[in-house]
Amino acid sequence: IPIRIGEFHLQAIHIHQQVKFSYTNGNDVEKEYEVEPVAVMYKWYHWYLLCYYPRYEDYRIFKLIRMGEISLTGQKNSKEHMVGEAKRKWEQSEKKQKIIRVKLACKSNIKIRCKEYLNGTIVEEFDNGDFLYEIDVPENEHFWFGTVLALGAQVKVIEPPGLIDRICMNCNEILKQYEEV
C-alpha cells in the first residue's frame, strides 16, 4: 500500500510495520531500503526517519525529503524499539564518521549566523568584532559546506588545507560556467 511521507510516522511507526522505499543519498546515488521505522526527528533543519536496519542490525537515519516510493511491506518489526535507546545507538554509530575540525576567520556581522547554522565555538575575538570560529563537522556532509559557501566573503577558511582547495575548486568551476555565457 503506497503511503505519503506525511502519513508515514502516523501509520508505519504506530503499527510497528516494516517499510520499503527508494532513497537518494547526498552523492545522488539511489538505492532501495527495507527498514523498521522507530521515530521521525527534526535535526539539522530537516526531518529524518530514525529506523532499525535489520540487514546490518543497526540504527540509521534517512532524510524524509530524499525518500520516494514509500510503502508498507506487510511484515511486522523484528523487535520492539525504544526511541531513546535507538537514538543513543544511532549517535554512537555516527561518531564513527570522519569528523574534521574547520577553522574560519569571520566578519563580525555574521556572528549570529555562525552560532545558529554552524554550531561551533568562537576561539578568538578581535577589537573590531571579527572572530576566529571552529567547527567539528562530518567531512562529507553538505549542509555545513553549503552554509560556509553561502556566507561568501564574510568568512574565510583558515584550515584544513584540503577544504581550502575544495572551496577554490568549486568556486572556479562555478566561475567557468558563467564565463561560457
# chains A, B, ... in the order shown; residues from 1 in each chain; ligands from 1
>>> select_by_dssp(residues="chain A", states="strand (DSSP E or B)", output="MDAnalysis selection string")
chainID A and resid 2 17:24 30:43 46:53 58:63 67:76 99:106 121:125 131:138 155:159
>>> residues_around(residues="segment 162-179 of chain A", least_positions_apart="5", cutoff="10 Å", atoms="only C-alpha atoms", output="list in words")
Ile100, Val102, Glu139, Phe145, Val148, Leu149, Lys156 and Val157 of chain A
>>> write_last_selection(atoms="C-alpha atoms", output="PDB file, in the first residue's frame")
ATOM      1  CA  ILE A 100      37.119  17.307  10.643  1.00  0.00           C
ATOM      2  CA  VAL A 102      37.382  23.604  10.423  1.00  0.00           C
ATOM      3  CA  GLU A 139      33.660  15.630   6.337  1.00  0.00           C
ATOM      4  CA  PHE A 145      29.743  23.172   3.458  1.00  0.00           C
ATOM      5  CA  VAL A 148      30.159  28.235   4.601  1.00  0.00           C
ATOM      6  CA  LEU A 149      29.904  28.974   0.864  1.00  0.00           C
ATOM      7  CA  LYS A 156      37.479  32.627   5.071  1.00  0.00           C
ATOM      8  CA  VAL A 157      38.566  29.046   5.749  1.00  0.00           C
TER       9      VAL A 157
END
>>> residues_around(residues="segment 23-26 of chain A", least_positions_apart="4", cutoff="6 Å", atoms="only C-alpha atoms", output="list in words")
Glu30, Lys31, Arg66 and Met67 of chain A
>>> residues_around(residues="segment 113-119 of chain A", least_positions_apart="5", cutoff="9 Å", atoms="only C-alpha atoms", output="list in words")
Trp44, Cys106, Tyr133, Glu134, Ile135, Asp136, Val137, Phe143, Trp144, Thr147, Val148 and Leu151 of chain A
>>> atom_distance(atom1="atom CA of Tyr48 of chain A", atom2="atom CA of Ile70 of chain A")
14.0 Å
>>> atom_distance(atom1="atom CA of Pro161 of chain A", atom2="atom CA of Ile99 of chain A")
14.9 Å
